[in-house]
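Structure file data-v3.tsv (TSV, C-alpha atoms) follows.
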```tsv
chain	number	residue	atom	x	y	z
A	707	MET	CA	119.46	59.59	-49.67
A	708	MET	CA	118.31	57.75	-52.79
A	709	GLU	CA	115.86	55.69	-50.69
A	710	LYS	CA	114.28	58.85	-49.27
A	711	LYS	CA	113.95	60.28	-52.76
A	712	ASN	CA	112.21	57.13	-54.00
A	713	LYS	CA	109.77	57.24	-51.08
A	714	SER	CA	109.01	60.88	-51.86
A	715	ILE	CA	108.32	60.01	-55.52
A	716	LYS	CA	106.02	57.16	-54.46
A	717	ARG	CA	104.05	59.50	-52.21
A	718	LYS	CA	103.63	61.99	-55.05
A	719	LYS	CA	102.42	59.26	-57.39
A	720	LYS	CA	99.98	58.05	-54.79
A	721	GLY	CA	98.69	61.58	-54.28
A	722	ASN	CA	98.29	62.08	-58.03
A	723	LYS	CA	96.43	58.79	-58.30
A	724	ASN	CA	93.98	59.86	-55.59
A	725	PHE	CA	93.45	63.18	-57.36
A	726	ILE	CA	92.78	61.43	-60.66
A	727	ASN	CA	90.30	59.08	-58.97
A	728	LEU	CA	88.45	62.03	-57.44
A	729	LYS	CA	88.31	63.73	-60.81
A	730	GLU	CA	87.09	60.51	-62.41
A	731	GLU	CA	84.33	60.06	-59.81
A	732	TYR	CA	83.13	63.61	-60.44
A	733	SER	CA	83.20	63.01	-64.20
A	734	LEU	CA	81.18	59.80	-63.81
A	735	SER	CA	78.67	61.70	-61.67
A	736	LEU	CA	78.18	64.36	-64.36
A	737	ASN	CA	77.79	61.68	-67.03
A	738	TYR	CA	75.08	59.94	-65.00
A	739	ILE	CA	73.27	63.24	-64.55
A	740	LYS	CA	73.34	63.73	-68.32
A	741	ASP	CA	72.01	60.20	-68.86
A	742	SER	CA	69.21	60.95	-66.38
A	743	LYS	CA	68.27	64.35	-67.80
A	744	ASN	CA	64.80	63.22	-68.90
A	745	PHE	CA	63.96	62.16	-65.35
A	746	ILE	CA	65.33	65.42	-63.92
A	747	PHE	CA	63.39	67.49	-66.48
A	748	SER	CA	60.24	65.54	-65.61
A	749	ILE	CA	60.65	66.46	-61.95
A	750	VAL	CA	61.29	70.11	-62.88
A	751	ALA	CA	58.14	70.11	-65.04
A	752	VAL	CA	56.02	68.71	-62.18
A	753	ALA	CA	57.44	71.29	-59.76
A	754	LEU	CA	56.82	74.12	-62.24
A	755	VAL	CA	53.20	73.09	-62.84
A	756	PHE	CA	52.44	72.98	-59.12
A	757	GLY	CA	54.47	76.13	-58.56
A	758	VAL	CA	52.14	77.94	-60.97
A	759	ILE	CA	49.14	76.41	-59.18
A	760	GLY	CA	50.54	77.54	-55.83
A	761	PHE	CA	51.01	81.08	-57.17
A	762	PHE	CA	47.68	81.57	-58.98
A	763	VAL	CA	45.14	79.18	-57.44
A	764	GLN	CA	43.63	80.07	-54.10
A	765	VAL	CA	43.44	77.11	-51.71
A	766	PRO	CA	40.65	76.35	-49.22
A	767	GLU	CA	40.96	78.19	-45.92
A	768	ASP	CA	41.77	75.08	-43.85
A	769	VAL	CA	44.59	74.07	-46.23
A	770	LEU	CA	45.91	77.66	-46.22
A	771	GLN	CA	45.96	77.63	-42.43
A	772	LYS	CA	47.96	74.39	-42.34
A	773	ILE	CA	50.54	75.78	-44.77
A	774	ILE	CA	50.90	78.98	-42.73
A	775	GLU	CA	51.27	76.96	-39.51
A	776	MET	CA	53.97	74.83	-41.14
A	777	LEU	CA	55.89	77.91	-42.33
A	778	GLN	CA	55.53	79.55	-38.92
A	779	ASP	CA	56.91	76.40	-37.29
A	780	ILE	CA	60.01	76.62	-39.53
A	781	LEU	CA	60.45	80.29	-38.61
A	782	LYS	CA	60.26	79.40	-34.91
A	783	GLN	CA	62.98	76.78	-35.36
A	784	ILE	CA	65.41	79.30	-36.87
A	785	GLU	CA	64.50	82.16	-34.52
A	786	GLY	CA	67.52	83.32	-32.54
A	787	LEU	CA	70.04	81.19	-34.45
A	788	ASN	CA	73.37	82.77	-35.34
A	789	GLN	CA	74.85	82.60	-38.84
A	790	PHE	CA	76.68	79.29	-38.33
A	791	GLU	CA	73.63	77.68	-36.72
A	792	LEU	CA	71.43	78.88	-39.59
A	793	ILE	CA	73.84	77.41	-42.16
A	794	LYS	CA	73.89	74.10	-40.26
A	795	PHE	CA	70.08	74.02	-39.94
A	796	ILE	CA	69.51	74.77	-43.63
A	797	PHE	CA	72.15	72.28	-44.77
A	798	LEU	CA	70.85	69.40	-42.63
A	799	ASN	CA	67.23	70.06	-43.64
A	800	ASN	CA	68.08	70.14	-47.34
A	801	LEU	CA	70.37	67.13	-46.98
A	802	LYS	CA	67.60	65.08	-45.37
A	803	SER	CA	65.04	66.10	-48.00
A	804	SER	CA	67.41	65.35	-50.88
A	805	PHE	CA	68.49	62.01	-49.39
A	806	PHE	CA	64.93	60.82	-48.84
A	807	GLY	CA	63.84	62.12	-52.24
A	808	LEU	CA	66.59	60.15	-53.92
A	809	PHE	CA	66.70	56.81	-52.14
A	810	PHE	CA	62.99	56.48	-51.32
A	811	GLY	CA	62.51	56.74	-55.06
A	812	ALA	CA	63.26	53.01	-55.20
A	813	VAL	CA	59.56	52.50	-54.39
A	814	LEU	CA	58.33	53.07	-57.97
A	815	GLY	CA	59.52	56.69	-57.92
A	816	ILE	CA	56.43	57.76	-55.96
A	817	PHE	CA	58.21	59.73	-53.23
A	818	PRO	CA	60.23	61.98	-55.62
A	819	VAL	CA	57.09	62.90	-57.58
A	820	MET	CA	55.15	63.68	-54.40
A	821	SER	CA	58.08	65.71	-53.11
A	822	ALA	CA	58.23	67.67	-56.39
A	823	ILE	CA	54.49	68.40	-56.10
A	824	VAL	CA	54.72	69.61	-52.48
A	825	ASN	CA	57.91	71.63	-52.96
A	826	GLY	CA	56.68	73.16	-56.21
A	827	TYR	CA	53.41	74.20	-54.63
A	828	LEU	CA	55.12	75.69	-51.56
A	829	ILE	CA	57.55	77.68	-53.72
A	830	GLY	CA	54.62	79.08	-55.71
A	831	PHE	CA	52.68	79.86	-52.55
A	832	VAL	CA	55.61	81.63	-50.84
A	833	ALA	CA	56.36	83.57	-54.04
A	834	GLN	CA	52.74	84.71	-54.24
A	835	GLN	CA	52.75	85.82	-50.61
A	836	ALA	CA	56.00	87.73	-51.13
A	837	VAL	CA	54.69	89.47	-54.25
A	838	SER	CA	51.44	90.39	-52.48
A	839	ALA	CA	53.36	91.90	-49.59
A	840	GLU	CA	56.25	93.67	-51.34
A	841	GLY	CA	55.66	93.59	-55.11
A	842	ILE	CA	56.99	91.59	-58.05
A	843	PHE	CA	60.60	92.72	-57.63
A	844	THR	CA	60.84	90.90	-54.31
A	845	LEU	CA	61.27	87.71	-56.36
A	846	LEU	CA	64.74	88.95	-57.29
A	847	ARG	CA	65.63	88.89	-53.60
A	848	LEU	CA	64.40	85.32	-53.31
A	849	LEU	CA	66.43	84.13	-56.31
A	850	PRO	CA	69.79	83.68	-54.50
A	851	HIS	CA	68.07	81.40	-51.97
A	852	GLY	CA	67.32	78.78	-54.61
A	853	ILE	CA	70.08	79.15	-57.19
A	854	PHE	CA	72.08	76.22	-55.75
A	855	GLU	CA	69.47	74.52	-53.59
A	856	LEU	CA	66.89	73.87	-56.31
A	857	PRO	CA	69.31	72.21	-58.77
A	858	ALA	CA	70.51	69.94	-55.95
A	859	VAL	CA	66.94	69.01	-55.01
A	860	PHE	CA	65.83	68.49	-58.61
A	861	ILE	CA	68.87	66.32	-59.35
A	862	SER	CA	68.16	64.21	-56.25
A	863	LEU	CA	64.49	63.79	-57.12
A	864	GLY	CA	65.35	62.99	-60.75
A	865	MET	CA	67.81	60.33	-59.58
A	866	GLY	CA	65.11	58.98	-57.26
A	867	LEU	CA	62.58	58.82	-60.09
A	868	ARG	CA	65.05	56.92	-62.26
A	869	LEU	CA	65.88	54.61	-59.37
A	870	GLY	CA	62.23	53.59	-59.19
A	871	THR	CA	62.23	52.45	-62.84
A	872	PHE	CA	64.48	49.47	-62.07
A	873	ILE	CA	61.29	47.43	-61.74
A	874	PHE	CA	60.69	47.76	-65.50
A	875	HIS	CA	64.09	46.32	-66.46
A	876	LYS	CA	64.71	42.68	-67.24
A	877	ASN	CA	67.55	42.20	-64.75
A	878	LYS	CA	65.97	44.05	-61.85
A	879	ILE	CA	68.55	43.42	-59.12
A	880	LYS	CA	71.52	44.28	-61.33
A	881	THR	CA	69.77	47.43	-62.57
A	882	LEU	CA	68.82	48.50	-59.04
A	883	LYS	CA	72.43	48.11	-57.87
A	884	SER	CA	73.73	50.07	-60.86
A	885	PHE	CA	71.19	52.88	-60.38
A	886	PHE	CA	71.80	52.93	-56.63
A	887	TRP	CA	75.59	53.26	-56.79
A	888	ASN	CA	75.49	55.80	-59.60
A	889	SER	CA	72.93	57.82	-57.65
A	890	PHE	CA	75.01	57.57	-54.49
A	891	ARG	CA	78.04	58.87	-56.41
A	892	VAL	CA	76.02	61.84	-57.70
A	893	PHE	CA	74.75	62.52	-54.19
A	894	ILE	CA	78.28	62.61	-52.74
A	895	PHE	CA	80.11	64.48	-55.49
A	896	VAL	CA	77.43	66.84	-56.82
A	897	VAL	CA	74.41	67.17	-54.54
A	898	ILE	CA	76.21	67.62	-51.21
A	899	PRO	CA	78.62	70.32	-52.51
A	900	LEU	CA	75.66	72.22	-54.01
A	901	LEU	CA	73.80	71.98	-50.69
A	902	VAL	CA	76.83	73.25	-48.77
A	903	VAL	CA	77.09	76.32	-51.03
A	904	ALA	CA	73.30	76.84	-50.85
A	905	ALA	CA	73.31	76.68	-47.04
A	906	ILE	CA	76.17	79.19	-46.77
A	907	ILE	CA	74.43	81.65	-49.11
A	908	GLU	CA	70.97	81.27	-47.51
A	909	GLY	CA	72.26	81.29	-43.92
A	910	THR	CA	74.32	84.41	-44.60
A	911	LEU	CA	71.47	86.26	-46.33
A	912	ILE	CA	68.94	85.38	-43.63
A	913	SER	CA	71.30	86.48	-40.86
A	914	LEU	CA	71.81	89.85	-42.60
A	915	PHE	CA	68.11	90.72	-42.79
```

Final structure tokens representation of the file:
Amino acid sequence: MMEKKNKSIKRKKKGNKNFINLKEEYSLSLNYIKDSKNFIFSIVAVALVFGVIGFFVQVPEDVLQKIIEMLQDILKQIEGLNQFELIKFIFLNNLKSSFFGLFFGAVLGIFPVMSAIVNGYLIGFVAQQAVSAEGIFTLLRLLPHGIFELPAVFISLGMGLRLGTFIFHKNKIKTLKSFFWNSFRVFIFVVIPLLVVAAIIEGTLISLF
């Protein structure tokens, strides 16, 4: 009887230890995000600038046609999908973009900046098209689509930009490893949960309209 009780206590302690470790990993992730805030804000600034350009500056006809074709291709891919399939499609697409934006940043941070430029411009372009078609208040309908997705993407790109700065540190290999593992932790404990919530919200909203 006493032996069973001791085993039960050991299991509880082990469970508590795992919970504490999970909490600690999440706390470390948030701390690294705070330490990287300048890189994240830089990515947000780039995206905002090109978002404004996408909204107000008219592009050449051939570029406009390519953008429309790309958006139409995305619409074809989600045509006929049920709610679960939509959520899965959105999640995997965002996961791939965030992953590449983060870890390809090791190459001097070029990929995250380019991704911020493209995504910012597309957001501005889509917003402009929506406003032209249905008025300014349509932006309020678009807001829920990005409330979780955009922070996840910006955090990933900011981490990627910081990752690329390892080259400027004295101990490059050690710095790269540190940046990589901290970024990986953020990706697992912060970015992926945000993308899951974003996919559920977007997939549900799209399936309703």

Quick one: residues within 12 Å of Gly870 of chain A, all atoms listed in the file, excluding same-chain residues fewer than 2 positions away - as a ChimeraX atom specification? /A:745,807-819,863-868,872-875,878-879,881-883,885-886,889

Take the residues just selected and output them with C-alpha atoms as a CSV table (one decimal), keeping the file's coordinate frame.
```csv
chain,number,residue,atom,x,y,z
A,745,PHE,CA,64.0,62.2,-65.4
A,807,GLY,CA,63.8,62.1,-52.2
A,808,LEU,CA,66.6,60.2,-53.9
A,809,PHE,CA,66.7,56.8,-52.1
A,810,PHE,CA,63.0,56.5,-51.3
A,811,GLY,CA,62.5,56.7,-55.1
A,812,ALA,CA,63.3,53.0,-55.2
A,813,VAL,CA,59.6,52.5,-54.4
A,814,LEU,CA,58.3,53.1,-58.0
A,815,GLY,CA,59.5,56.7,-57.9
A,816,ILE,CA,56.4,57.8,-56.0
A,817,PHE,CA,58.2,59.7,-53.2
A,818,PRO,CA,60.2,62.0,-55.6
A,819,VAL,CA,57.1,62.9,-57.6
A,863,LEU,CA,64.5,63.8,-57.1
A,864,GLY,CA,65.4,63.0,-60.8
A,865,MET,CA,67.8,60.3,-59.6
A,866,GLY,CA,65.1,59.0,-57.3
A,867,LEU,CA,62.6,58.8,-60.1
A,868,ARG,CA,65.0,56.9,-62.3
A,872,PHE,CA,64.5,49.5,-62.1
A,873,ILE,CA,61.3,47.4,-61.7
A,874,PHE,CA,60.7,47.8,-65.5
A,875,HIS,CA,64.1,46.3,-66.5
A,878,LYS,CA,66.0,44.0,-61.8
A,879,ILE,CA,68.6,43.4,-59.1
A,881,THR,CA,69.8,47.4,-62.6
A,882,LEU,CA,68.8,48.5,-59.0
A,883,LYS,CA,72.4,48.1,-57.9
A,885,PHE,CA,71.2,52.9,-60.4
A,886,PHE,CA,71.8,52.9,-56.6
A,889,SER,CA,72.9,57.8,-57.6
```

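For the pair atom CA of Val750 of chain A and atom CA of Ala822 of chain A, the interatomic distance is 7.6 Å.
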
Residues within 12 Å of Phe797 of chain A, please, as a PyMOL selection string. Count only C-alpha atoms; anything in the same chain fewer than 5 positions from it doesn't count. chain A and resi 790-792+802-805+854-855+858-859+897-909

Counting only C-alpha atoms, which of A:Ile796, A:Val892, A:Ile842, A:Ile823 gets nearest to Leu754 of chain A?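 So, comparing all the options, the nearest one is A:Ile823.
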
Rounded to one decimal, what separation in Å do you get between atom CA of Leu801 of chain A and atom CA of Leu914 of chain A? 23.2 Å

Which polymer residues have any atom within 10 Å of an atom of Phe756 of chain A, counting all atoms listed in the file, with same-chain residues fewer than 6 positions away left out, as a list in words?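 Neighbouring residues, sequence-local ones excluded: Phe762, Val763, Ala822, Ile823, Val824, Asn825, Gly826, Tyr827, Leu828, Ile829, Gly830 and Phe831 of chain A.
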
Separation of atom CA of Phe747 of chain A and atom CA of Leu856 of chain A, in Å?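 It comes out at 12.5 Å.
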
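When only C-alpha atoms are used to measure the gap to Thr871 of chain A, the shortest distance among A:Arg891, A:Ser884, A:Glu730, A:Phe795 belongs to A:Ser884.
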
Of A:Asn788, A:Asn727, A:Ser838, A:Asn737, the one nearest to Ser913 of chain A when counting all atoms listed in the file is A:Asn788

Restricting the calculation to all atoms listed in the file: of A:Val896, A:Ile739, A:Ile759, A:Leu728, which residue gets closest to Ala833 of chain A?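 Closest to Ala833 of chain A, using all atoms listed in the file: A:Ile759.
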
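Nearest to Ile784 of chain A of all the residues A:Ser862, A:His851, A:Ile912, A:Val765 is A:Ile912, based on only C-alpha atoms.
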
So, with only C-alpha atoms as the atoms that count, which of A:Gln834, A:Gln764, A:Gln789, A:Asn800 lies closest to Pro857 of chain A?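 That would be A:Asn800, the residue with the smallest distance to Pro857 of chain A.
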